[in-house]
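> This structure is in C-alpha cells; I'll ask about it shortly.
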Amino acid sequence: GAVVSQHPSRVICKSGTSVKIECRSLDFQATTMFWYRQFPKQSLMLMATSNEGSKATYEQGVEKDKFLINHASLTLSTLTVTSAHPEDSSFYICSAHPLGQTYEQYFGPGTRLTVT
Amino acid sequence: AQKVTQAQTEISVVEKEDVTLDCVYETRDTTYYLFWYKQPPSGELVFLIRRNSFDEQNEISGRYSWNFQKSTSSFNFTITASQVVDSAVYFCALSEFPNSGNTPLVFGKGTRLSVIA
C-alpha cells in the first residue's frame, strides 16, 4: 500500500527557533499534499494545501509567513514553523494524493511539536 | 460550507458491548465522500472506510459496520462486541467530489471511545 512518512516524528525546540517538518510519499508521486494541525484533544484542522511547483494555499487565519510550505518535488513537501512559540505546539499531519487519482489520499504518521 | 458533527464527545463501554458512533454531515454538494478514521494514542490516523454519496449500501467488515443514510445525512459507525484494542478517538470526515485537483477532508471533532475490560 501507499506509504507517507513524516520526519521528525517528535521535536522539541526553544521559543524563537525554526523547525522544519518533512512529508514524503515513499512509493508514489503526489502533486497535492495537505497539512493539518491538531491541538490536544481537538480535531484536525486544515492549514494549507501544497501543490508541487506552485505556491501553497493557506486557510483563513493561518499565517503564511509563519508556516512556510515548500513542495519542491512530487514526493516531498516541507512545513517550516518559523520563530516558533509555545502556542505552536501541536500535532502536525500531512496527507498526500497520488498523481492521477482523485479521491485516494494517504496520511503521514504525524509530527508532534513541542515549543518550550 | 461543509460540516461534520460528532455529537458524542466521549463514550465508555464494557468489553463485548456493541457501540454506535454517530456522524451527521452537511454539504451543498450532491457528490461527496465520507470517511471514518481511527486515531489510537500514537496519533497516527488509521483509515477505516470511504463511502461515496452514490452508494448508500451499508457495509460490514468484521466487527465493524457502517450505516449510511442520505435522507438524514448520517453515516454512523457500529462496533460489535467491542474490545479493549478498540479504545481510540474516531473521526468522521467529509470531502467534496473533486472536479479538478484534490480536495481536503473536513473532520468532525471526534469521539473518544474507551472500552473497559
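Chain identifiers are assigned as A, B, and so on, following the order in which chains appear in the C-alpha cells; residues are numbered from 1 within each chain, and ligands are numbered from 1 in order of appearance.
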Given a cut-off of 9 Å, which residues of chain A touch chain B, counting only C-alpha atoms, written out as JSON, numbers by chain?
{"A": [31, 32, 33, 34, 41, 42, 43, 44, 45, 46, 49, 91, 93, 95, 97, 101, 102, 103, 106, 107, 108, 109, 110, 111, 112]}
> Output the selection as an mmCIF file, in the first residue's frame - N, CA and C atoms for each residue.

```cif
data_model
loop_
_atom_site.group_PDB
_atom_site.id
_atom_site.type_symbol
_atom_site.label_atom_id
_atom_site.label_comp_id
_atom_site.auth_asym_id
_atom_site.auth_seq_id
_atom_site.Cartn_x
_atom_site.Cartn_y
_atom_site.Cartn_z
ATOM 1 N N THR A 31 1.019 15.235 -6.492
ATOM 2 C CA THR A 31 1.030 16.642 -6.874
ATOM 3 C C THR A 31 0.447 17.510 -5.769
ATOM 4 N N THR A 32 -0.401 16.920 -4.956
ATOM 5 C CA THR A 32 -1.049 17.685 -3.889
ATOM 6 C C THR A 32 -0.816 17.024 -2.546
ATOM 7 N N MET A 33 -0.420 17.837 -1.605
ATOM 8 C CA MET A 33 -0.317 17.384 -0.221
ATOM 9 C C MET A 33 -1.027 18.400 0.656
ATOM 10 N N PHE A 34 -1.657 17.912 1.694
ATOM 11 C CA PHE A 34 -2.338 18.799 2.627
ATOM 12 C C PHE A 34 -1.647 18.739 3.988
ATOM 13 N N LYS A 41 -6.554 16.951 22.098
ATOM 14 C CA LYS A 41 -7.964 16.584 22.285
ATOM 15 C C LYS A 41 -8.892 17.379 21.367
ATOM 16 N N GLN A 42 -8.373 17.802 20.255
ATOM 17 C CA GLN A 42 -9.206 18.505 19.287
ATOM 18 C C GLN A 42 -9.144 17.797 17.936
ATOM 19 N N SER A 43 -9.881 18.344 17.010
ATOM 20 C CA SER A 43 -9.953 17.728 15.694
ATOM 21 C C SER A 43 -8.796 18.183 14.811
ATOM 22 N N LEU A 44 -8.723 17.605 13.649
ATOM 23 C CA LEU A 44 -7.726 18.019 12.659
ATOM 24 C C LEU A 44 -8.292 19.188 11.865
ATOM 25 N N MET A 45 -7.472 20.220 11.756
ATOM 26 C CA MET A 45 -7.886 21.400 11.005
ATOM 27 C C MET A 45 -6.912 21.621 9.857
ATOM 28 N N LEU A 46 -7.456 21.839 8.677
ATOM 29 C CA LEU A 46 -6.615 22.078 7.513
ATOM 30 C C LEU A 46 -5.872 23.402 7.665
ATOM 31 N N THR A 49 -2.856 23.885 1.614
ATOM 32 C CA THR A 49 -2.762 22.943 0.501
ATOM 33 C C THR A 49 -1.448 23.207 -0.216
ATOM 34 N N PHE A 91 0.189 18.815 17.003
ATOM 35 C CA PHE A 91 0.456 17.614 16.206
ATOM 36 C C PHE A 91 0.190 17.997 14.755
ATOM 37 N N ILE A 93 0.007 16.883 10.825
ATOM 38 C CA ILE A 93 -0.187 15.697 9.989
ATOM 39 C C ILE A 93 -0.309 16.116 8.532
ATOM 40 N N SER A 95 -1.129 14.839 4.449
ATOM 41 C CA SER A 95 -1.722 13.788 3.621
ATOM 42 C C SER A 95 -1.302 14.030 2.174
ATOM 43 N N HIS A 97 -1.925 12.993 -2.045
ATOM 44 C CA HIS A 97 -2.802 12.425 -3.056
ATOM 45 C C HIS A 97 -1.966 11.887 -4.203
ATOM 46 N N GLN A 101 -4.955 10.185 -9.288
ATOM 47 C CA GLN A 101 -6.103 9.686 -8.541
ATOM 48 C C GLN A 101 -6.812 10.853 -7.877
ATOM 49 N N THR A 102 -8.119 10.790 -7.867
ATOM 50 C CA THR A 102 -8.851 11.964 -7.399
ATOM 51 C C THR A 102 -9.283 11.878 -5.943
ATOM 52 N N TYR A 103 -9.563 10.700 -5.440
ATOM 53 C CA TYR A 103 -10.079 10.663 -4.073
ATOM 54 C C TYR A 103 -9.187 9.903 -3.100
ATOM 55 N N TYR A 106 -3.467 9.538 1.425
ATOM 56 C CA TYR A 106 -2.810 8.770 2.471
ATOM 57 C C TYR A 106 -2.192 9.736 3.475
ATOM 58 N N PHE A 107 -2.393 9.420 4.750
ATOM 59 C CA PHE A 107 -1.906 10.290 5.806
ATOM 60 C C PHE A 107 -0.546 9.835 6.315
ATOM 61 N N GLY A 108 0.259 10.813 6.666
ATOM 62 C CA GLY A 108 1.505 10.515 7.343
ATOM 63 C C GLY A 108 1.235 10.216 8.809
ATOM 64 N N PRO A 109 2.245 9.746 9.525
ATOM 65 C CA PRO A 109 2.061 9.370 10.930
ATOM 66 C C PRO A 109 2.025 10.555 11.887
ATOM 67 N N GLY A 110 2.317 11.747 11.380
ATOM 68 C CA GLY A 110 2.246 12.927 12.225
ATOM 69 C C GLY A 110 3.567 13.300 12.865
ATOM 70 N N THR A 111 3.689 14.573 13.209
ATOM 71 C CA THR A 111 4.854 15.108 13.910
ATOM 72 C C THR A 111 4.367 15.896 15.109
ATOM 73 N N ARG A 112 4.859 15.501 16.264
ATOM 74 C CA ARG A 112 4.459 16.211 17.485
ATOM 75 C C ARG A 112 5.509 17.267 17.798
#
```
> May I have the residues within 6 Å of stretch 76-80 of chain B as a list of chain:residue names, using only C-alpha atoms and disregarding those fewer than 4 positions away in the same chain?
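Returned residues: B:Asp18, B:Val19, B:Thr20, B:Leu21, B:Asp22, B:Cys23, B:Arg63, B:Tyr64, B:Ser65, B:Trp66, B:Asn67.
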> Next, write the just-selected residues to a file, as an mmCIF file, in the first residue's frame, keeping C-alpha atoms as the atom set.

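What ended up in result_14.cif:
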```
data_model
loop_
_atom_site.group_PDB
_atom_site.id
_atom_site.type_symbol
_atom_site.label_atom_id
_atom_site.label_comp_id
_atom_site.auth_asym_id
_atom_site.auth_seq_id
_atom_site.Cartn_x
_atom_site.Cartn_y
_atom_site.Cartn_z
ATOM 1 C CA ASP B 18 -21.858 -3.054 20.980
ATOM 2 C CA VAL B 19 -21.341 0.672 20.451
ATOM 3 C CA THR B 20 -22.506 3.081 17.767
ATOM 4 C CA LEU B 21 -20.697 6.280 16.932
ATOM 5 C CA ASP B 22 -22.853 8.931 15.339
ATOM 6 C CA CYS B 23 -21.902 11.191 12.465
ATOM 7 C CA ARG B 63 -16.876 -6.374 13.805
ATOM 8 C CA TYR B 64 -17.304 -3.015 12.089
ATOM 9 C CA SER B 65 -20.394 -1.875 10.240
ATOM 10 C CA TRP B 66 -21.490 1.403 8.734
ATOM 11 C CA ASN B 67 -24.982 2.765 8.163
#
```
> Which residue, A:Leu74, A:Ile69, A:Ala48, A:Ala2, has the smallest gap to A:Leu99 when you use only C-alpha atoms?
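Ranking A:Leu74, A:Ile69, A:Ala48, A:Ala2 by distance to A:Leu99, first place goes to A:Leu74.
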> Which residues are close to B:Leu113, i.e. within 8 Å by only C-alpha atoms, leaving aside same-chain residues fewer than 3 positions away? Reply as a ChimeraX atom specification.
/B:10-13,86-90
> For the residues selected in the previous step, produce a file with all heavy atoms as a short mmCIF file (atom, residue, chain, number, x, y, z; two decimals), in the first residue's frame.

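Result file is selection_26.cif:
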```
data_model
loop_
_atom_site.label_atom_id
_atom_site.label_comp_id
_atom_site.auth_asym_id
_atom_site.auth_seq_id
_atom_site.Cartn_x
_atom_site.Cartn_y
_atom_site.Cartn_z
N GLU B 10 -17.37 11.69 24.23
CA GLU B 10 -16.73 10.52 24.83
C GLU B 10 -17.77 9.45 25.10
O GLU B 10 -18.89 9.74 25.49
CB GLU B 10 -16.05 10.90 26.16
CG GLU B 10 -14.89 11.85 26.02
CD GLU B 10 -14.09 11.97 27.31
OE1 GLU B 10 -14.04 11.01 28.09
OE2 GLU B 10 -13.52 13.06 27.53
N ILE B 11 -17.36 8.22 24.85
CA ILE B 11 -18.22 7.07 25.14
C ILE B 11 -17.38 6.04 25.88
O ILE B 11 -16.23 5.79 25.50
CB ILE B 11 -18.77 6.43 23.85
CG1 ILE B 11 -19.63 7.41 23.06
CG2 ILE B 11 -19.59 5.19 24.19
CD1 ILE B 11 -20.12 6.83 21.74
N SER B 12 -17.98 5.46 26.88
CA SER B 12 -17.31 4.40 27.62
C SER B 12 -18.21 3.18 27.64
O SER B 12 -19.40 3.28 27.98
CB SER B 12 -17.01 4.88 29.04
OG SER B 12 -16.27 3.92 29.74
N VAL B 13 -17.67 2.05 27.25
CA VAL B 13 -18.44 0.81 27.24
C VAL B 13 -17.61 -0.29 27.89
O VAL B 13 -16.38 -0.20 27.99
CB VAL B 13 -18.84 0.39 25.81
CG1 VAL B 13 -19.73 1.44 25.17
CG2 VAL B 13 -17.63 0.09 24.96
N ASP B 86 -10.08 -1.50 20.76
CA ASP B 86 -10.88 -0.52 20.01
C ASP B 86 -10.81 0.87 20.65
O ASP B 86 -11.28 1.85 20.06
CB ASP B 86 -12.34 -0.96 19.94
CG ASP B 86 -12.54 -2.25 19.17
OD1 ASP B 86 -11.77 -2.49 18.21
OD2 ASP B 86 -13.45 -3.03 19.53
N SER B 87 -10.26 0.96 21.83
CA SER B 87 -10.16 2.26 22.51
C SER B 87 -9.31 3.21 21.68
O SER B 87 -8.15 2.92 21.37
CB SER B 87 -9.55 2.08 23.91
OG SER B 87 -10.36 1.28 24.72
N ALA B 88 -9.90 4.33 21.32
CA ALA B 88 -9.22 5.29 20.45
C ALA B 88 -10.17 6.47 20.24
O ALA B 88 -11.29 6.48 20.74
CB ALA B 88 -8.88 4.67 19.09
N VAL B 89 -9.69 7.44 19.49
CA VAL B 89 -10.57 8.52 19.04
C VAL B 89 -10.96 8.22 17.60
O VAL B 89 -10.10 7.86 16.78
CB VAL B 89 -9.87 9.90 19.11
CG1 VAL B 89 -10.82 10.99 18.63
CG2 VAL B 89 -9.41 10.18 20.54
N TYR B 90 -12.23 8.32 17.30
CA TYR B 90 -12.72 8.02 15.97
C TYR B 90 -13.23 9.31 15.32
O TYR B 90 -14.01 10.06 15.91
CB TYR B 90 -13.85 6.99 16.04
CG TYR B 90 -13.35 5.62 16.43
CD1 TYR B 90 -13.20 5.28 17.77
CD2 TYR B 90 -13.00 4.67 15.47
CE1 TYR B 90 -12.71 4.03 18.15
CE2 TYR B 90 -12.51 3.42 15.83
CZ TYR B 90 -12.37 3.12 17.17
OH TYR B 90 -11.88 1.88 17.52
#
```
